[in-house]
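Please read the structure below before turning to the comments.
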Protein chains: 2
Amino acid sequence: MFDIDVKSRVPIYEQITENVKRLIIQGVLLPEEKLPSVRSLAQELTINPNTIQKAYRELEREGYVISRPGKGSFVNDMTETMNREHIKTLTEEVERLIKELVFLDVPGESLKTIIDKAEQEKEGHE
Amino acid sequence: MFDIDVKSRVPIYEQITENVKRLIIQGVLLPEEKLPSVRSLAQELTINPNTIQKAYRELEREGYVISRPGKGSFVNDMTETMNREHIKTLTEEVERLIKELVFLDVPGESLKTIIDKAEQEKEGHE
DNA sequence: TTAGCTGTACTATTTTAATTAATACAGTTA
DNA sequence: TAACTGTATTAATTAAAATAGTACAGCTAA
């Protein structure tokens, strides 16, 4: 399926999430397709099953995969998910920046103005 | 000057940067004012001088302080100017991100909540 | 039902990174 | 020169992250 480098500086579970993400994004793995079980993939890569599970859990948290106890782990239908993840990333960034601006005594009202302006601008286009 | 909690979960050097930042922002420490030397503050807090130095270096990196080898560490009088420029940069970033989030149909209200939360959080600290 | 799959939870171990400390060096000032 | 100042380098300690061991519970097919 793919190879990992146990000697690499980047954690094994992260190499796995990256590879699976890549395969999903490239369309090699299709929605509802079953992923290898934690144990079989662990055997194939000669690492511990729990490491696979950690990777799968992370992939599930990010919406790439859905795990069904007793049945297996499956590729999730993305289109929606990608947007959701993108929105999450953007929101986290905004949170960080706003926190800092508020800390620097920028009044919340002036920040809210930015939001209003963005909304008005959008309405104009639809 | 201030106290630290060696038993706290937050690192000592971070407690120091936070406290010094606070004192500068509150105007207790004024521009060009000399901060305690790494050794004297280390003695006062009964911790290692290098820990103070790490804090001071971080404060310098963020523009709060300027260190003059052989002379001492001083409150940077550029803070206002730097802040204003910093605020400008941050605001531009926020504008860009908010625009994109609004475009992705994230309701403005949920973004305003982020602002409110940041303000509440800040009030808690003062 | 049972045998053999599946994912999961919990704990312990190992490994890695962050934090703090020890020590020596170099600039400044009186 | 003596007593300050910040700095660099390295070592020791501490905390966190990553991985592994083991046991449990759900699903499915013979």
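Residues are named by chain letter and number: chains run A, B, ... in the order of the structure tokens, numbers start at 1 in each chain, and ligands are numbered from 1 in the order shown.
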By least-squares superposition of chain B on chain A, using all C-alpha atoms in order, what RMSD in Å to one decimal is obtained?
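The C-alpha RMSD comes to 9.0 Å.
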List every residue of chain D that has an atom at most 12 Å from any atom of chain B, giving for each one its closest atom pair and the distance in Å to one decimal, counting only C-alpha atoms (C1' of nucleotides), sorted by chain and then by ascending residue number, as CSV.
```
residue,atom,partner,partner_atom,distance
D:DA3,C1',B:Gly70,CA,11.7
D:DC4,C1',B:Gly70,CA,8.1
D:DT5,C1',B:Gly70,CA,3.7
D:DG6,C1',B:Pro69,CA,4.2
D:DT7,C1',B:Pro69,CA,7.7
D:DA8,C1',B:Asn50,CA,10.9
D:DT14,C1',B:Pro11,CA,11.0
D:DA15,C1',B:Arg9,CA,9.6
```
Selected residues written out with N, CA and C atoms (P, O5', C5', C4', C3', O3' and C1' of nucleotides), as an mmCIF file, in the first residue's frame:
```
data_model
loop_
_atom_site.group_PDB
_atom_site.id
_atom_site.type_symbol
_atom_site.label_atom_id
_atom_site.label_comp_id
_atom_site.auth_asym_id
_atom_site.auth_seq_id
_atom_site.Cartn_x
_atom_site.Cartn_y
_atom_site.Cartn_z
ATOM 1 P P DA D 3 35.624 42.353 44.032
ATOM 2 O "O5'" DA D 3 34.183 42.819 43.562
ATOM 3 C "C5'" DA D 3 33.888 44.213 43.443
ATOM 4 C "C4'" DA D 3 32.799 44.403 42.416
ATOM 5 C "C3'" DA D 3 31.747 43.290 42.406
ATOM 6 O "O3'" DA D 3 30.459 43.859 42.394
ATOM 7 C "C1'" DA D 3 32.534 43.678 40.248
ATOM 8 P P DC D 4 29.178 43.032 42.916
ATOM 9 O "O5'" DC D 4 28.013 43.450 41.903
ATOM 10 C "C5'" DC D 4 27.905 42.782 40.649
ATOM 11 C "C4'" DC D 4 27.882 43.803 39.531
ATOM 12 C "C3'" DC D 4 27.018 43.386 38.347
ATOM 13 O "O3'" DC D 4 25.683 43.828 38.560
ATOM 14 C "C1'" DC D 4 29.146 44.140 37.582
ATOM 15 P P DT D 5 24.496 43.069 37.893
ATOM 16 O "O5'" DT D 5 24.860 43.162 36.335
ATOM 17 C "C5'" DT D 5 24.068 43.971 35.464
ATOM 18 C "C4'" DT D 5 24.623 43.919 34.059
ATOM 19 C "C3'" DT D 5 24.217 42.709 33.249
ATOM 20 O "O3'" DT D 5 22.906 42.871 32.764
ATOM 21 C "C1'" DT D 5 26.513 43.131 32.931
ATOM 22 P P DG D 6 21.964 41.639 32.596
ATOM 23 O "O5'" DG D 6 22.387 41.149 31.150
ATOM 24 C "C5'" DG D 6 22.272 42.038 30.040
ATOM 25 C "C4'" DG D 6 23.047 41.464 28.851
ATOM 26 C "C3'" DG D 6 22.418 40.201 28.252
ATOM 27 O "O3'" DG D 6 22.557 40.214 26.836
ATOM 28 C "C1'" DG D 6 24.604 39.723 28.991
ATOM 29 P P DT D 7 22.075 39.000 25.979
ATOM 30 O "O5'" DT D 7 23.371 38.063 25.923
ATOM 31 C "C5'" DT D 7 24.467 38.462 25.118
ATOM 32 C "C4'" DT D 7 25.367 37.271 24.847
ATOM 33 C "C3'" DT D 7 24.634 36.057 24.259
ATOM 34 O "O3'" DT D 7 25.380 35.575 23.161
ATOM 35 C "C1'" DT D 7 25.870 35.409 26.160
ATOM 36 P P DA D 8 24.698 34.619 22.094
ATOM 37 O "O5'" DA D 8 25.743 33.428 21.993
ATOM 38 C "C5'" DA D 8 27.079 33.619 22.457
ATOM 39 C "C4'" DA D 8 27.735 32.271 22.717
ATOM 40 C "C3'" DA D 8 27.041 31.075 22.098
ATOM 41 O "O3'" DA D 8 28.030 30.235 21.525
ATOM 42 C "C1'" DA D 8 27.220 30.762 24.446
ATOM 43 P P DT D 14 14.684 16.375 38.342
ATOM 44 O "O5'" DT D 14 13.541 16.720 37.271
ATOM 45 C "C5'" DT D 14 13.430 18.061 36.809
ATOM 46 C "C4'" DT D 14 12.412 18.122 35.687
ATOM 47 C "C3'" DT D 14 11.168 17.266 35.927
ATOM 48 O "O3'" DT D 14 10.077 18.143 35.994
ATOM 49 C "C1'" DT D 14 12.024 16.951 33.721
ATOM 50 P P DA D 15 8.544 17.621 36.032
ATOM 51 O "O5'" DA D 15 8.154 17.598 34.482
ATOM 52 C "C5'" DA D 15 8.234 18.803 33.738
ATOM 53 C "C4'" DA D 15 7.771 18.564 32.326
ATOM 54 C "C3'" DA D 15 6.388 17.920 32.205
ATOM 55 O "O3'" DA D 15 5.685 18.629 31.216
ATOM 56 C "C1'" DA D 15 7.967 16.639 31.001
#
```
Using only C-alpha atoms (C1' of nucleotides), find each residue of chain C with at least one atom at most 12 Å away from an atom of chain A; report its shortest atom-to-atom pair and that distance in Å (one decimal), sort the rows by chain and rising residue number, and return the result as a tab-separated table.
```
residue	atom	partner	partner_atom	distance
C:DG4	C1'	A:Gly70	CA	11.5
C:DC5	C1'	A:Gly70	CA	8.0
C:DT6	C1'	A:Gly70	CA	3.8
C:DG7	C1'	A:Pro69	CA	4.3
C:DT8	C1'	A:Pro69	CA	7.8
C:DA9	C1'	A:Asn50	CA	10.9
C:DC10	C1'	A:Asn50	CA	11.9
C:DT15	C1'	A:Pro11	CA	10.8
C:DT16	C1'	A:Arg9	CA	9.6
C:DA17	C1'	A:Arg9	CA	11.9
```
Mind dumping the selected residues with C-alpha atoms (C1' of nucleotides) as a JSON list (two decimals), in the first residue's frame?
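And here's part.json as it stands now:
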```
[["chain", "number", "residue", "atom", "x", "y", "z"],
["C", 4, "DG", "C1'", -11.90, -15.32, 13.74],
["C", 5, "DC", "C1'", -12.23, -11.22, 12.30],
["C", 6, "DT", "C1'", -12.95, -6.00, 13.53],
["C", 7, "DG", "C1'", -12.05, -1.45, 16.41],
["C", 8, "DT", "C1'", -11.22, 0.28, 21.32],
["C", 9, "DA", "C1'", -9.55, 1.27, 26.15],
["C", 10, "DC", "C1'", -6.14, 1.21, 29.46],
["C", 15, "DT", "C1'", 11.88, 7.66, 22.98],
["C", 16, "DT", "C1'", 12.10, 12.46, 22.09],
["C", 17, "DA", "C1'", 11.76, 17.17, 23.11]]
```
From segment 21-110 of chain B, collect each residue whose DSSP state is strand (DSSP E) and return the set as a list of chain:residue names.
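Filtering segment 21-110 of chain B to strand (DSSP E) leaves B:Val65, B:Ile66, B:Ser67, B:Arg68, B:Gly72, B:Ser73, B:Phe74, B:Val75.
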Could you list the residues in chain A lying within 9 Å of chain B, using only C-alpha atoms, and format the result as a PyMOL selection string?
chain A and resi 83+87+90-91+93-95+97-104+106-109+111-112+114-119+121-122
Selected residues written out, N, CA and C atoms, as a PDB file, in the first residue's frame:
```pdb
ATOM      1  N   ASN A  83     -14.233  20.891   3.253  1.00  0.00           N
ATOM      2  CA  ASN A  83     -14.674  22.232   3.618  1.00  0.00           C
ATOM      3  C   ASN A  83     -14.646  22.405   5.127  1.00  0.00           C
ATOM      4  N   ILE A  87     -12.484  25.108   7.080  1.00  0.00           N
ATOM      5  CA  ILE A  87     -13.122  26.104   7.940  1.00  0.00           C
ATOM      6  C   ILE A  87     -12.546  26.033   9.341  1.00  0.00           C
ATOM      7  N   LEU A  90      -9.107  27.703   9.346  1.00  0.00           N
ATOM      8  CA  LEU A  90      -9.235  29.157   9.270  1.00  0.00           C
ATOM      9  C   LEU A  90      -9.740  29.726  10.589  1.00  0.00           C
ATOM     10  N   THR A  91     -10.731  29.053  11.175  1.00  0.00           N
ATOM     11  CA  THR A  91     -11.300  29.549  12.425  1.00  0.00           C
ATOM     12  C   THR A  91     -10.257  29.554  13.530  1.00  0.00           C
ATOM     13  N   GLU A  93      -7.082  29.896  13.203  1.00  0.00           N
ATOM     14  CA  GLU A  93      -6.178  31.024  12.946  1.00  0.00           C
ATOM     15  C   GLU A  93      -6.802  32.339  13.400  1.00  0.00           C
ATOM     16  N   VAL A  94      -8.064  32.514  13.019  1.00  0.00           N
ATOM     17  CA  VAL A  94      -8.756  33.748  13.395  1.00  0.00           C
ATOM     18  C   VAL A  94      -8.805  33.883  14.913  1.00  0.00           C
ATOM     19  N   GLU A  95      -9.075  32.777  15.595  1.00  0.00           N
ATOM     20  CA  GLU A  95      -9.132  32.821  17.059  1.00  0.00           C
ATOM     21  C   GLU A  95      -7.811  33.312  17.641  1.00  0.00           C
ATOM     22  N   LEU A  97      -5.438  35.067  16.197  1.00  0.00           N
ATOM     23  CA  LEU A  97      -5.165  36.467  15.869  1.00  0.00           C
ATOM     24  C   LEU A  97      -6.031  37.413  16.686  1.00  0.00           C
ATOM     25  N   ILE A  98      -7.314  37.078  16.801  1.00  0.00           N
ATOM     26  CA  ILE A  98      -8.230  37.952  17.541  1.00  0.00           C
ATOM     27  C   ILE A  98      -7.813  38.036  19.005  1.00  0.00           C
ATOM     28  N   LYS A  99      -7.433  36.891  19.550  1.00  0.00           N
ATOM     29  CA  LYS A  99      -6.978  36.873  20.934  1.00  0.00           C
ATOM     30  C   LYS A  99      -5.830  37.873  21.127  1.00  0.00           C
ATOM     31  N   GLU A 100      -4.893  37.833  20.190  1.00  0.00           N
ATOM     32  CA  GLU A 100      -3.735  38.718  20.307  1.00  0.00           C
ATOM     33  C   GLU A 100      -4.139  40.174  20.142  1.00  0.00           C
ATOM     34  N   LEU A 101      -5.028  40.439  19.199  1.00  0.00           N
ATOM     35  CA  LEU A 101      -5.458  41.821  18.977  1.00  0.00           C
ATOM     36  C   LEU A 101      -6.191  42.359  20.200  1.00  0.00           C
ATOM     37  N   VAL A 102      -7.063  41.537  20.768  1.00  0.00           N
ATOM     38  CA  VAL A 102      -7.785  41.965  21.961  1.00  0.00           C
ATOM     39  C   VAL A 102      -6.797  42.224  23.096  1.00  0.00           C
ATOM     40  N   PHE A 103      -5.813  41.352  23.174  1.00  0.00           N
ATOM     41  CA  PHE A 103      -4.781  41.525  24.198  1.00  0.00           C
ATOM     42  C   PHE A 103      -4.056  42.853  24.028  1.00  0.00           C
ATOM     43  N   LEU A 104      -3.919  43.272  22.775  1.00  0.00           N
ATOM     44  CA  LEU A 104      -3.238  44.540  22.477  1.00  0.00           C
ATOM     45  C   LEU A 104      -4.195  45.727  22.530  1.00  0.00           C
ATOM     46  N   VAL A 106      -7.069  46.288  21.132  1.00  0.00           N
ATOM     47  CA  VAL A 106      -7.917  46.663  20.001  1.00  0.00           C
ATOM     48  C   VAL A 106      -9.365  46.381  20.403  1.00  0.00           C
ATOM     49  N   PRO A 107     -10.234  47.391  20.335  1.00  0.00           N
ATOM     50  CA  PRO A 107     -11.623  47.202  20.778  1.00  0.00           C
ATOM     51  C   PRO A 107     -12.360  46.176  19.916  1.00  0.00           C
ATOM     52  N   GLY A 108     -13.144  45.337  20.580  1.00  0.00           N
ATOM     53  CA  GLY A 108     -13.892  44.295  19.880  1.00  0.00           C
ATOM     54  C   GLY A 108     -14.800  44.854  18.802  1.00  0.00           C
ATOM     55  N   GLU A 109     -15.334  46.046  19.039  1.00  0.00           N
ATOM     56  CA  GLU A 109     -16.267  46.633  18.070  1.00  0.00           C
ATOM     57  C   GLU A 109     -15.611  46.831  16.710  1.00  0.00           C
ATOM     58  N   LEU A 111     -13.320  45.138  15.471  1.00  0.00           N
ATOM     59  CA  LEU A 111     -13.146  43.829  14.849  1.00  0.00           C
ATOM     60  C   LEU A 111     -14.473  43.341  14.265  1.00  0.00           C
ATOM     61  N   LYS A 112     -15.539  43.616  14.998  1.00  0.00           N
ATOM     62  CA  LYS A 112     -16.861  43.204  14.509  1.00  0.00           C
ATOM     63  C   LYS A 112     -17.210  43.939  13.221  1.00  0.00           C
ATOM     64  N   ILE A 114     -15.235  44.525  10.863  1.00  0.00           N
ATOM     65  CA  ILE A 114     -14.615  43.764   9.772  1.00  0.00           C
ATOM     66  C   ILE A 114     -15.562  42.672   9.295  1.00  0.00           C
ATOM     67  N   ILE A 115     -16.194  42.017  10.267  1.00  0.00           N
ATOM     68  CA  ILE A 115     -17.134  40.941   9.925  1.00  0.00           C
ATOM     69  C   ILE A 115     -18.321  41.504   9.140  1.00  0.00           C
ATOM     70  N   ASP A 116     -18.891  42.595   9.650  1.00  0.00           N
ATOM     71  CA  ASP A 116     -20.045  43.196   8.973  1.00  0.00           C
ATOM     72  C   ASP A 116     -19.695  43.568   7.540  1.00  0.00           C
ATOM     73  N   LYS A 117     -18.520  44.142   7.380  1.00  0.00           N
ATOM     74  CA  LYS A 117     -18.119  44.577   6.047  1.00  0.00           C
ATOM     75  C   LYS A 117     -18.009  43.374   5.108  1.00  0.00           C
ATOM     76  N   ALA A 118     -17.433  42.293   5.624  1.00  0.00           N
ATOM     77  CA  ALA A 118     -17.273  41.088   4.806  1.00  0.00           C
ATOM     78  C   ALA A 118     -18.631  40.538   4.394  1.00  0.00           C
ATOM     79  N   GLU A 119     -19.603  40.614   5.315  1.00  0.00           N
ATOM     80  CA  GLU A 119     -20.938  40.088   5.007  1.00  0.00           C
ATOM     81  C   GLU A 119     -21.648  40.959   3.966  1.00  0.00           C
ATOM     82  N   GLU A 121     -20.240  42.806   1.773  1.00  0.00           N
ATOM     83  CA  GLU A 121     -19.547  42.605   0.505  1.00  0.00           C
ATOM     84  C   GLU A 121     -20.034  41.343  -0.190  1.00  0.00           C
ATOM     85  N   LYS A 122     -20.292  40.319   0.612  1.00  0.00           N
ATOM     86  CA  LYS A 122     -20.739  39.054   0.046  1.00  0.00           C
ATOM     87  C   LYS A 122     -22.157  39.194  -0.530  1.00  0.00           C
TER      88      LYS A 122
END
```
Taking 5 positions as the minimum chain separation for residues in the same chain, which residues sit within 8 Å of Val75 of chain B when counting only C-alpha atoms (C1' of nucleotides)? Answer as a PyMOL selection string.
chain B and resi 24+29-35+64-66
Create the file for the chosen residues now, containing C-alpha atoms and written as an mmCIF file, in the first residue's frame.
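That gives us again06.cif:
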```cif
data_model
loop_
_atom_site.group_PDB
_atom_site.id
_atom_site.type_symbol
_atom_site.label_atom_id
_atom_site.label_comp_id
_atom_site.auth_asym_id
_atom_site.auth_seq_id
_atom_site.Cartn_x
_atom_site.Cartn_y
_atom_site.Cartn_z
ATOM 1 C CA ILE B 24 5.321 46.936 30.647
ATOM 2 C CA LEU B 29 7.899 49.502 33.781
ATOM 3 C CA LEU B 30 8.640 52.501 31.574
ATOM 4 C CA PRO B 31 10.628 52.785 28.332
ATOM 5 C CA GLU B 32 14.413 52.777 28.841
ATOM 6 C CA GLU B 33 13.906 51.608 32.382
ATOM 7 C CA LYS B 34 16.454 49.037 33.454
ATOM 8 C CA LEU B 35 15.208 45.596 34.268
ATOM 9 C CA TYR B 64 9.379 44.251 24.532
ATOM 10 C CA VAL B 65 12.938 44.506 25.745
ATOM 11 C CA ILE B 66 16.363 45.379 24.455
#
```
Output as number ranges by chain all residues of chain A that backbone DSSP marks as alpha helix (DSSP H).
A: 12-25, 38-45, 49-61, 78-103, 108-125
Would you please work out which residue, of A:Thr89, A:Ser40, A:Met82, A:Val10, is nearest to DA18 of chain D when using only C-alpha atoms (C1' of nucleotides)?
A:Val10
Quick one: pull the distance between atom CA of Thr79 of chain A and atom CA of Tyr13 of chain A, Å, one decimal.
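Between atom CA of Thr79 of chain A and atom CA of Tyr13 of chain A the gap works out to 24.3 Å.
From atom C1' of DA20 of chain D back to atom CA of Asn76 of chain A, the distance works out to 28.5 Å.
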Please provide as JSON, numbers by chain all residues within 12 Å of DT9 of chain D, with the sequence filter that same-chain residues fewer than 3 positions apart are discarded (counting only C-alpha atoms (C1' of nucleotides)).
{"C": [22, 23, 24, 25]}
How about saving the chosen residues, N, CA and C atoms (P, O5', C5', C4', C3', O3' and C1' of nucleotides) kept, as a short mmCIF file (atom, residue, chain, number, x, y, z; two decimals), in the first residue's frame?
```cif
data_model
loop_
_atom_site.label_atom_id
_atom_site.label_comp_id
_atom_site.auth_asym_id
_atom_site.auth_seq_id
_atom_site.Cartn_x
_atom_site.Cartn_y
_atom_site.Cartn_z
P DA C 22 22.90 24.25 39.43
"O5'" DA C 22 24.27 24.04 38.61
"C5'" DA C 22 24.38 22.92 37.73
"C4'" DA C 22 25.75 22.90 37.06
"C3'" DA C 22 26.83 23.77 37.71
"O3'" DA C 22 28.06 23.07 37.67
"C1'" DA C 22 26.49 24.44 35.46
P DT C 23 29.39 23.77 38.38
"O5'" DT C 23 30.07 24.51 37.14
"C5'" DT C 23 30.24 23.78 35.91
"C4'" DT C 23 30.77 24.68 34.82
"C3'" DT C 23 31.79 25.72 35.28
"O3'" DT C 23 33.03 25.47 34.63
"C1'" DT C 23 30.24 26.64 33.76
P DA C 24 34.35 26.39 34.97
"O5'" DA C 24 34.52 27.19 33.59
"C5'" DA C 24 34.38 26.50 32.35
"C4'" DA C 24 34.26 27.51 31.23
"C3'" DA C 24 35.29 28.64 31.29
"O3'" DA C 24 35.83 28.86 29.99
"C1'" DA C 24 33.12 29.53 31.13
P DC C 25 37.02 29.93 29.74
"O5'" DC C 25 36.29 31.09 28.91
"C5'" DC C 25 35.61 30.77 27.69
"C4'" DC C 25 34.82 31.98 27.23
"C3'" DC C 25 35.64 33.27 27.14
"O3'" DC C 25 35.63 33.74 25.81
"C1'" DC C 25 33.54 33.62 28.21
#
```
Contact residues around Ile47 of chain A with only C-alpha atoms (C1' of nucleotides) at 9 Å, ignoring same-chain residues under 5 positions, as a PDB file with N, CA and C atoms (P, O5', C5', C4', C3', O3' and C1' of nucleotides), in the first residue's frame:
```pdb
ATOM      1  N   VAL A   6      10.750   3.744   9.636  1.00  0.00           N
ATOM      2  CA  VAL A   6      10.774   3.718  11.099  1.00  0.00           C
ATOM      3  C   VAL A   6      11.930   4.532  11.665  1.00  0.00           C
ATOM      4  N   ILE A  12       5.750   7.600  13.211  1.00  0.00           N
ATOM      5  CA  ILE A  12       5.160   6.598  12.335  1.00  0.00           C
ATOM      6  C   ILE A  12       3.691   6.894  12.073  1.00  0.00           C
ATOM      7  N   LEU A  41      -2.582  -4.098   8.631  1.00  0.00           N
ATOM      8  CA  LEU A  41      -1.632  -3.060   8.226  1.00  0.00           C
ATOM      9  C   LEU A  41      -0.426  -3.042   9.156  1.00  0.00           C
ATOM     10  N   ALA A  42      -0.706  -3.307  10.436  1.00  0.00           N
ATOM     11  CA  ALA A  42       0.392  -3.358  11.403  1.00  0.00           C
ATOM     12  C   ALA A  42       1.369  -4.469  11.036  1.00  0.00           C
ATOM     13  N   ILE A  52      -1.234   2.059  14.347  1.00  0.00           N
ATOM     14  CA  ILE A  52      -2.194   2.217  13.252  1.00  0.00           C
ATOM     15  C   ILE A  52      -3.479   2.838  13.780  1.00  0.00           C
TER      16      ILE A  52
ATOM     17  P    DT D  19       5.376   6.852  16.641  1.00  0.00           P
ATOM     18  O5'  DT D  19       5.382   5.535  17.533  1.00  0.00           O
ATOM     19  C5'  DT D  19       6.620   5.044  18.016  1.00  0.00           C
ATOM     20  C4'  DT D  19       6.380   3.952  19.032  1.00  0.00           C
ATOM     21  C3'  DT D  19       5.618   2.730  18.512  1.00  0.00           C
ATOM     22  O3'  DT D  19       6.530   1.645  18.468  1.00  0.00           O
ATOM     23  C1'  DT D  19       4.945   3.358  20.718  1.00  0.00           C
ATOM     24  P    DA D  20       5.999   0.198  17.959  1.00  0.00           P
ATOM     25  O5'  DA D  20       5.624  -0.522  19.330  1.00  0.00           O
ATOM     26  C5'  DA D  20       6.620  -0.674  20.322  1.00  0.00           C
ATOM     27  C4'  DA D  20       6.031  -1.367  21.546  1.00  0.00           C
ATOM     28  C3'  DA D  20       5.275  -2.661  21.249  1.00  0.00           C
ATOM     29  O3'  DA D  20       5.763  -3.669  22.116  1.00  0.00           O
ATOM     30  C1'  DA D  20       3.949  -1.229  22.575  1.00  0.00           C
TER      31       DA D  20
END
```
List the neighbours of Glu14 of chain B out to 12 Å using only C-alpha atoms (C1' of nucleotides); skip same-chain residues closer than 6 positions along the sequence, and give me the result as JSON, numbers by chain.
{"B": [4, 5, 6, 8, 20, 21, 51, 52, 53, 54, 55, 56, 57, 58, 59], "C": [19]}
Could you state the separation of atom CA of Asn48 of chain B and atom CA of Phe2 of chain B in Å, given to one decimal place?
16.2 Å
